[in-house]
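Novice: Just so it is clear, I am handing over run34.cif, which has mmCIF, C-alpha atoms and all ligand atoms.
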```cif
data_query
loop_
_atom_site.group_PDB
_atom_site.id
_atom_site.type_symbol
_atom_site.label_atom_id
_atom_site.label_comp_id
_atom_site.auth_asym_id
_atom_site.auth_seq_id
_atom_site.Cartn_x
_atom_site.Cartn_y
_atom_site.Cartn_z
ATOM 1 C CA MET A 15 0.000 0.000 0.000
ATOM 2 C CA PHE A 16 1.587 3.271 -1.137
ATOM 3 C CA LEU A 17 0.498 6.850 -0.533
ATOM 4 C CA ASP A 18 1.806 9.612 -2.790
ATOM 5 C CA LEU A 19 2.084 12.778 -0.697
ATOM 6 C CA ALA A 20 2.352 14.949 -3.813
ATOM 7 C CA HIS A 21 -1.153 13.861 -4.840
ATOM 8 C CA LEU A 22 -2.664 15.105 -1.576
ATOM 9 C CA ALA A 23 -2.158 18.734 -2.699
ATOM 10 C CA LEU A 24 -1.880 19.883 0.919
ATOM 11 C CA ARG A 25 -0.936 23.445 1.727
ATOM 12 C CA THR A 26 1.167 24.335 4.771
ATOM 13 C CA GLY A 27 -0.841 23.673 7.926
ATOM 14 C CA GLU A 28 -3.314 21.361 6.215
ATOM 15 C CA ARG A 29 -3.820 17.769 7.314
ATOM 16 C CA TYR A 30 -4.930 14.533 5.753
ATOM 17 C CA GLU A 31 -6.101 11.413 7.542
ATOM 18 C CA ARG A 32 -7.130 8.030 6.265
ATOM 19 C CA SER A 33 -7.229 4.417 7.377
ATOM 20 C CA TYR A 34 -5.848 1.634 5.238
ATOM 21 C CA ALA A 35 -6.503 -2.072 5.468
ATOM 22 C CA ILE A 36 -3.063 -3.676 5.514
ATOM 23 C CA ASP A 37 -1.949 -7.295 5.527
ATOM 24 C CA LEU A 38 1.462 -7.561 7.143
ATOM 25 C CA VAL A 39 3.858 -10.365 6.333
ATOM 26 C CA PRO A 40 4.836 -12.297 9.486
ATOM 27 C CA ILE A 41 7.612 -10.825 11.617
ATOM 28 C CA VAL A 42 10.521 -13.170 12.320
ATOM 29 C CA LEU A 43 12.486 -12.335 15.468
ATOM 30 C CA GLY A 44 15.303 -14.558 16.703
ATOM 31 C CA GLY A 45 14.147 -17.328 14.399
ATOM 32 C CA VAL A 46 10.602 -17.195 15.817
ATOM 33 C CA ARG A 47 7.727 -16.326 13.496
ATOM 34 C CA TYR A 48 4.959 -13.954 14.659
ATOM 35 C CA GLU A 49 1.773 -13.456 12.658
ATOM 36 C CA VAL A 50 0.475 -9.893 12.896
ATOM 37 C CA LEU A 51 -3.094 -8.746 12.312
ATOM 38 C CA LEU A 52 -4.155 -5.111 12.181
ATOM 39 C CA PRO A 53 -7.898 -5.485 12.867
ATOM 40 C CA GLU A 54 -8.662 -1.783 12.466
ATOM 41 C CA GLY A 55 -6.122 -1.157 9.713
ATOM 42 C CA VAL A 56 -3.467 1.534 9.794
ATOM 43 C CA THR A 57 -4.406 5.151 10.418
ATOM 44 C CA VAL A 58 -2.152 7.502 8.489
ATOM 45 C CA LYS A 59 -2.067 11.183 9.403
ATOM 46 C CA VAL A 60 -0.201 13.575 7.146
ATOM 47 C CA GLU A 61 0.536 17.153 8.113
ATOM 48 C CA ARG A 62 2.034 19.650 5.692
ATOM 49 C CA VAL A 63 4.660 21.586 7.639
ATOM 50 C CA ALA A 64 7.373 23.992 6.587
ATOM 51 C CA GLY A 65 9.842 22.109 4.429
ATOM 52 C CA GLY A 66 7.942 18.886 4.076
ATOM 53 C CA PHE A 67 5.394 16.434 5.437
ATOM 54 C CA LEU A 68 4.998 14.856 8.850
ATOM 55 C CA VAL A 69 3.666 11.347 8.395
ATOM 56 C CA LYS A 70 2.255 9.480 11.396
ATOM 57 C CA ALA A 71 1.109 5.889 11.179
ATOM 58 C CA GLY A 72 -0.741 4.229 14.042
ATOM 59 C CA ALA A 73 -2.313 0.817 14.394
ATOM 60 C CA HIS A 74 -3.769 -1.559 16.889
ATOM 61 C CA ALA A 75 -1.826 -4.767 16.319
ATOM 62 C CA ARG A 76 -2.616 -8.318 17.358
ATOM 63 C CA VAL A 77 0.508 -10.456 17.458
ATOM 64 C CA TYR A 78 0.309 -14.265 17.429
ATOM 65 C CA GLY A 79 3.293 -16.413 18.357
ATOM 66 C CA PRO A 80 4.722 -18.855 20.898
ATOM 67 C CA CYS A 81 5.315 -17.849 24.531
ATOM 68 C CA ALA A 82 9.070 -17.395 24.968
ATOM 69 C CA ARG A 83 9.003 -19.510 28.148
ATOM 70 C CA CYS A 84 6.424 -22.297 27.688
ATOM 71 C CA LEU A 85 6.037 -22.188 23.861
ATOM 72 C CA LYS A 86 2.224 -22.107 24.171
ATOM 73 C CA GLU A 87 0.474 -20.119 21.413
ATOM 74 C CA THR A 88 0.040 -16.572 22.715
ATOM 75 C CA VAL A 89 -1.817 -13.457 21.570
ATOM 76 C CA LEU A 90 -0.431 -10.020 22.342
ATOM 77 C CA ASP A 91 -2.369 -6.792 21.753
ATOM 78 C CA LEU A 92 -0.367 -3.627 21.366
ATOM 79 C CA HIS A 93 -0.575 -0.140 19.958
ATOM 80 C CA ALA A 94 2.085 0.665 17.399
ATOM 81 C CA GLU A 95 2.937 4.173 16.281
ATOM 82 C CA GLN A 96 5.610 5.597 14.059
ATOM 83 C CA GLN A 97 6.370 9.095 12.820
ATOM 84 C CA GLU A 98 8.408 9.964 9.743
ATOM 85 C CA PHE A 99 9.347 13.212 8.039
ATOM 86 C CA ALA A 100 9.473 13.668 4.287
ATOM 87 C CA PRO A 101 11.232 16.827 3.144
ATOM 88 C CA THR A 102 9.919 18.403 -0.048
ATOM 89 C CA ALA A 103 13.491 19.183 -1.084
ATOM 90 C CA LYS A 104 16.277 16.770 -0.225
ATOM 91 C CA ASP A 105 18.983 19.448 -0.322
ATOM 92 C CA GLY A 106 20.838 19.527 2.977
ATOM 93 C CA TRP A 107 19.573 16.103 4.086
ATOM 94 C CA GLU A 108 21.838 13.127 4.605
ATOM 95 C CA GLU A 109 20.587 9.858 3.135
ATOM 96 C CA SER A 110 20.655 8.346 6.652
ATOM 97 C CA GLU A 111 18.352 11.098 7.970
ATOM 98 C CA LEU A 112 15.653 10.331 5.438
ATOM 99 C CA SER A 113 12.899 7.853 6.166
ATOM 100 C CA ALA A 114 13.591 4.383 4.826
ATOM 101 C CA PHE A 115 9.869 4.109 4.052
ATOM 102 C CA ILE A 116 9.406 7.252 1.971
ATOM 103 C CA GLU A 117 10.873 7.227 -1.522
ATOM 104 C CA GLY A 118 10.613 10.663 -3.060
ATOM 105 C CA LEU A 119 7.200 11.596 -1.668
ATOM 106 C CA VAL A 120 5.726 8.109 -1.890
ATOM 107 C CA VAL A 121 5.013 6.524 1.496
ATOM 108 C CA ASP A 122 5.257 2.754 1.997
ATOM 109 C CA VAL A 123 2.360 2.515 4.476
ATOM 110 C CA ALA A 124 2.803 -1.206 5.103
ATOM 111 C CA GLY A 125 6.536 -0.697 5.659
ATOM 112 C CA ILE A 126 5.979 1.988 8.307
ATOM 113 C CA ALA A 127 3.257 -0.085 9.984
ATOM 114 C CA ARG A 128 5.523 -3.135 10.126
ATOM 115 C CA GLU A 129 8.417 -1.095 11.562
ATOM 116 C CA ALA A 130 6.062 0.408 14.155
ATOM 117 C CA VAL A 131 4.915 -3.064 15.251
ATOM 118 C CA VAL A 132 8.492 -4.399 15.431
ATOM 119 C CA LEU A 133 9.575 -1.439 17.577
ATOM 120 C CA SER A 134 6.659 -1.805 20.001
ATOM 121 C CA LEU A 135 7.161 -5.522 20.603
ATOM 122 C CA PRO A 136 8.384 -6.325 24.128
ATOM 123 C CA SER A 137 11.822 -7.973 24.380
ATOM 124 C CA GLN A 138 10.072 -11.210 25.344
ATOM 125 C CA ILE A 139 6.548 -12.292 24.374
ATOM 126 C CA VAL A 140 5.119 -14.376 27.207
ATOM 127 C CA CYS A 141 1.660 -15.911 27.783
ATOM 128 C CA SER A 142 1.566 -14.255 31.223
ATOM 129 C CA ALA A 143 4.090 -12.299 33.284
ATOM 130 C CA ASP A 144 4.325 -15.148 35.825
ATOM 131 C CA CYS A 145 4.561 -17.987 33.277
ATOM 132 C CA LEU A 146 6.714 -20.717 34.881
ATOM 133 C CA GLY A 147 7.997 -22.035 31.563
ATOM 134 C CA LEU A 148 9.211 -25.532 30.803
ATOM 135 C CA CYS A 149 11.410 -27.668 33.049
ATOM 136 C CA PRO A 150 14.896 -27.438 31.498
ATOM 137 C CA GLN A 151 15.522 -31.079 32.382
ATOM 138 C CA CYS A 152 12.350 -32.993 31.425
ATOM 139 C CA GLY A 153 10.520 -30.352 29.326
ATOM 140 C CA LYS A 154 7.255 -30.494 31.320
ATOM 141 C CA ASP A 155 5.098 -27.354 31.278
ATOM 142 C CA LEU A 156 5.519 -26.192 34.892
ATOM 143 C CA ASN A 157 2.295 -24.122 34.661
ATOM 144 C CA GLU A 158 0.443 -27.463 34.779
ATOM 145 C CA GLY A 159 2.179 -28.505 38.003
ATOM 146 C CA PRO A 160 5.633 -29.421 39.259
ATOM 147 C CA CYS A 161 7.634 -32.261 37.728
ATOM 148 C CA GLY A 162 9.797 -34.707 39.696
ATOM 149 C CA CYS A 163 13.061 -33.023 38.751
ATOM 150 C CA LEU A 164 15.096 -31.180 41.351
ATOM 151 C CA PRO A 165 15.610 -27.580 40.285
ATOM 152 C CA ALA A 166 19.165 -27.110 39.031
ATOM 153 C CA GLY A 167 19.850 -24.494 41.747
ATOM 154 C CA SER A 168 18.986 -26.818 44.625
ATOM 155 C CA ASP A 169 21.590 -29.365 43.501
ATOM 156 C CA GLU A 170 24.248 -26.888 44.575
ATOM 157 C CA ARG A 171 22.527 -26.325 47.900
ATOM 158 C CA TRP A 172 22.448 -30.083 48.534
ATOM 159 C CA GLY A 173 26.143 -30.139 47.689
ATOM 160 C CA ILE A 174 26.837 -27.490 50.327
ATOM 161 C CA LEU A 175 24.814 -29.440 52.916
ATOM 162 C CA LYS A 176 26.778 -32.584 52.068
ATOM 163 C CA ASP A 177 30.036 -30.679 52.529
ATOM 164 C CA LEU A 178 28.837 -29.392 55.924
ATOM 165 C CA ARG A 179 27.990 -32.895 57.026
ATOM 166 C CA LEU A 180 31.427 -34.128 55.926
ATOM 167 C CA THR A 181 32.989 -31.306 57.957
ATOM 168 C CA ASP A 182 30.935 -32.366 60.997
ATOM 169 C CA GLU A 183 32.191 -35.939 60.624
ATOM 170 C CA SER A 184 35.785 -34.798 60.231
ATOM 171 C CA GLU A 185 35.467 -32.895 63.526
ATOM 172 C CA GLN A 186 34.833 -36.087 65.416
ATOM 173 C CA PRO A 187 38.330 -37.426 64.776
ATOM 174 C CA GLY A 188 39.456 -33.896 65.704
ATOM 175 C CA GLY A 189 37.644 -34.356 69.030
ATOM 176 C CA GLY A 190 39.615 -37.556 69.448
ATOM 177 C CA SER A 191 42.817 -35.656 68.870
ATOM 178 C CA GLU A 192 41.758 -33.295 71.660
ATOM 179 C CA GLY A 193 41.668 -36.379 73.830
ATOM 180 C CA VAL A 194 45.215 -37.104 72.666
ATOM 181 C CA ASP A 195 46.131 -33.554 73.700
ATOM 182 C CA ASP A 196 44.529 -34.216 77.097
ATOM 183 C CA ASP A 197 46.660 -37.360 77.430
ATOM 184 C CA SER A 198 49.822 -35.407 76.713
ATOM 185 C CA ARG A 199 49.103 -33.005 79.565
HETATM 186 ZN ZN ZN A 201 4.082 -19.255 28.841
HETATM 187 ZN ZN ZN A 202 11.374 -31.788 35.123
#
```
Go through the file and emit its structure as structure tokens.
Ligand SMILES: [Zn+2]
Ligand SMILES: [Zn+2]

Specialist:
Amino acid sequence: MFLDLAHLALRTGERYERSYAIDLVPIVLGGVRYEVLLPEGVTVKVERVAGGFLVKAGAHARVYGPCARCLKETVLDLHAEQQEFAPTAKDGWEESELSAFIEGLVVDVAGIAREAVVLSLPSQIVCSADCLGLCPQCGKDLNEGPCGCLPAGSDERWGILKDLRLTDESEQPGGGSEGVDDDSR
């Protein structure tokens, strides 16, 4: 979906607003594929300002993908918003300062919407904030109840207890040596 700003014939201070129905291709993050639906489409607001156009794209996005902890299919609702500037004259602008989604004065609406969704995704998509995830040893979903495995952390604690017990035992011969000391007196 492309929007040609030149065709809007806006004068400075004038605005344009329209919603577009957009199908986004799935977003792949860290090898994980997320389907994205924009149930209300993308709302594009264009404002003619001195030197160019301010282009704002906003969308309610519904993201479908696996929970990062338990892998269960999860739905995440978020609001995505992105603002770009398109100068009418490119003189004095570095290529890196120009929007990657506006070529000349033609706006790639789907491109901006996709970028907006990617940027508003949390670092980890989880089914719930207190999801317990899968047991790293047997793979059981710990949200459904505990498995028989000892948590990896408690192995160390048992090790420390074992060491303490060994120390206790080694003190008994030490007590005997005290007796030896007593004998020497
Ligand atoms: Zn989960
Ligand atoms: Zn387990």

Novice: Could you tell me how far atom CA of A:Val77 sits from atom CA of A:Leu90, in Å to one decimal place?

Specialist: 5.0 Å

Novice: Determine, using only C-alpha atoms and all ligand atoms, which residues of chain A have any atom at most 6 Å from an atom of ligand ZN 201 (chain A), and tabulate each with its shortest atom pair and distance in Å to one decimal place, rows ordered by chain and then rising number, as CSV.

Specialist:
```
residue,atom,partner,partner_atom,distance
A:Cys81,CA,A:ZN201,ZN,4.7
A:Arg83,CA,A:ZN201,ZN,5.0
A:Cys84,CA,A:ZN201,ZN,4.0
A:Lys86,CA,A:ZN201,ZN,5.8
A:Val140,CA,A:ZN201,ZN,5.2
A:Cys141,CA,A:ZN201,ZN,4.3
A:Cys145,CA,A:ZN201,ZN,4.6
A:Gly147,CA,A:ZN201,ZN,5.5
```

Novice: What's around A:Val121 at 8 Å? Count all atoms listed in the file, leave out sequence neighbours fewer than 2 positions away in its own chain, and write the answer as a list of chain:residue names.

Specialist: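 What passes the distance filter is A:Phe16, A:Leu17, A:Asp18, A:Leu19, A:Phe115, A:Ile116, A:Glu117, A:Leu119, A:Val123.
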
Novice: Take the residues from that selection and put them in a file with C-alpha atoms, as a PDB file, in the frame of the given file.

Specialist:
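Produced file again_4.pdb, reproduced below:
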```pdb
ATOM      1  CA  PHE A  16       1.587   3.271  -1.137  1.00  0.00           C
ATOM      2  CA  LEU A  17       0.498   6.850  -0.533  1.00  0.00           C
ATOM      3  CA  ASP A  18       1.806   9.612  -2.790  1.00  0.00           C
ATOM      4  CA  LEU A  19       2.084  12.778  -0.697  1.00  0.00           C
ATOM      5  CA  PHE A 115       9.869   4.109   4.052  1.00  0.00           C
ATOM      6  CA  ILE A 116       9.406   7.252   1.971  1.00  0.00           C
ATOM      7  CA  GLU A 117      10.873   7.227  -1.522  1.00  0.00           C
ATOM      8  CA  LEU A 119       7.200  11.596  -1.668  1.00  0.00           C
ATOM      9  CA  VAL A 123       2.360   2.515   4.476  1.00  0.00           C
TER      10      VAL A 123
END
```

Novice: Using the chain letters and numbers from the file, which residues does the PyMOL selection byres (((chain A and resi 63) around 6) and not hetatm) grab, as a PDB file with C-alpha atoms, in the coordinates of the input?

Specialist:
```pdb
ATOM      1  CA  THR A  26       1.167  24.335   4.771  1.00  0.00           C
ATOM      2  CA  GLY A  27      -0.841  23.673   7.926  1.00  0.00           C
ATOM      3  CA  ARG A  62       2.034  19.650   5.692  1.00  0.00           C
ATOM      4  CA  ALA A  64       7.373  23.992   6.587  1.00  0.00           C
ATOM      5  CA  GLY A  66       7.942  18.886   4.076  1.00  0.00           C
ATOM      6  CA  PHE A  67       5.394  16.434   5.437  1.00  0.00           C
TER       7      PHE A  67
END
```

Novice: For this file, the PyMOL selection byres (((not hetatm)) within 7 of (chain A and resi 202)) selects which residues, as a PyMOL selection string?

Specialist: chain A and resi 149-154+161-163

Novice: For those residues, write C-alpha atoms to a file as a compact mmCIF listing (two decimals), keeping the file's coordinate frame.

Specialist:
```txt
# COMPACT_ATOMS: atom_id res chain seq x y z
CA CYS A 149 11.41 -27.67 33.05
CA PRO A 150 14.90 -27.44 31.50
CA GLN A 151 15.52 -31.08 32.38
CA CYS A 152 12.35 -32.99 31.42
CA GLY A 153 10.52 -30.35 29.33
CA LYS A 154 7.26 -30.49 31.32
CA CYS A 161 7.63 -32.26 37.73
CA GLY A 162 9.80 -34.71 39.70
CA CYS A 163 13.06 -33.02 38.75
```

Novice: Compare A:Gly72, A:Gly159, A:Gly65, A:Gly125 by their minimum atom-to-atom distance to A:Lys104, counting all atoms listed in the file, and give me the closest one.

Specialist: A:Gly65

Novice: To one decimal place in Å, what is the distance between atom CA of A:Ala20 and atom CA of A:Ala94?

Specialist: 25.6 Å

Novice: Hey, can you check how far atom CA of A:Leu156 sits from atom CA of A:Val46?

Specialist: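 One can read the atom CA of A:Leu156 to atom CA of A:Val46 distance as 21.7 Å.
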
Novice: Within 7 Å of (0.5, -17.0, 19.0), in the coordinates the file gives, what residues turn up when you count only C-alpha atoms, written out as a list in words?

Specialist: Tyr48, Val77, Tyr78, Gly79, Pro80, Glu87, Thr88 and Val89 of chain A

Novice: Could you tell me which residues the PyMOL selection byres (((chain A and resi 37) around 12) and not hetatm) returns for this structure, as a compact mmCIF listing (two decimals) with C-alpha atoms, in the coordinates of the input?

Specialist:
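Dumped everything to result.txt:
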```txt
# COMPACT_ATOMS: atom_id res chain seq x y z
CA MET A 15 0.00 0.00 0.00
CA TYR A 34 -5.85 1.63 5.24
CA ALA A 35 -6.50 -2.07 5.47
CA ILE A 36 -3.06 -3.68 5.51
CA LEU A 38 1.46 -7.56 7.14
CA VAL A 39 3.86 -10.36 6.33
CA PRO A 40 4.84 -12.30 9.49
CA ILE A 41 7.61 -10.82 11.62
CA GLU A 49 1.77 -13.46 12.66
CA VAL A 50 0.48 -9.89 12.90
CA LEU A 51 -3.09 -8.75 12.31
CA LEU A 52 -4.16 -5.11 12.18
CA PRO A 53 -7.90 -5.48 12.87
CA GLU A 54 -8.66 -1.78 12.47
CA GLY A 55 -6.12 -1.16 9.71
CA VAL A 56 -3.47 1.53 9.79
CA ALA A 75 -1.83 -4.77 16.32
CA ARG A 76 -2.62 -8.32 17.36
CA VAL A 123 2.36 2.52 4.48
CA ALA A 124 2.80 -1.21 5.10
CA GLY A 125 6.54 -0.70 5.66
CA ALA A 127 3.26 -0.08 9.98
CA ARG A 128 5.52 -3.14 10.13
```
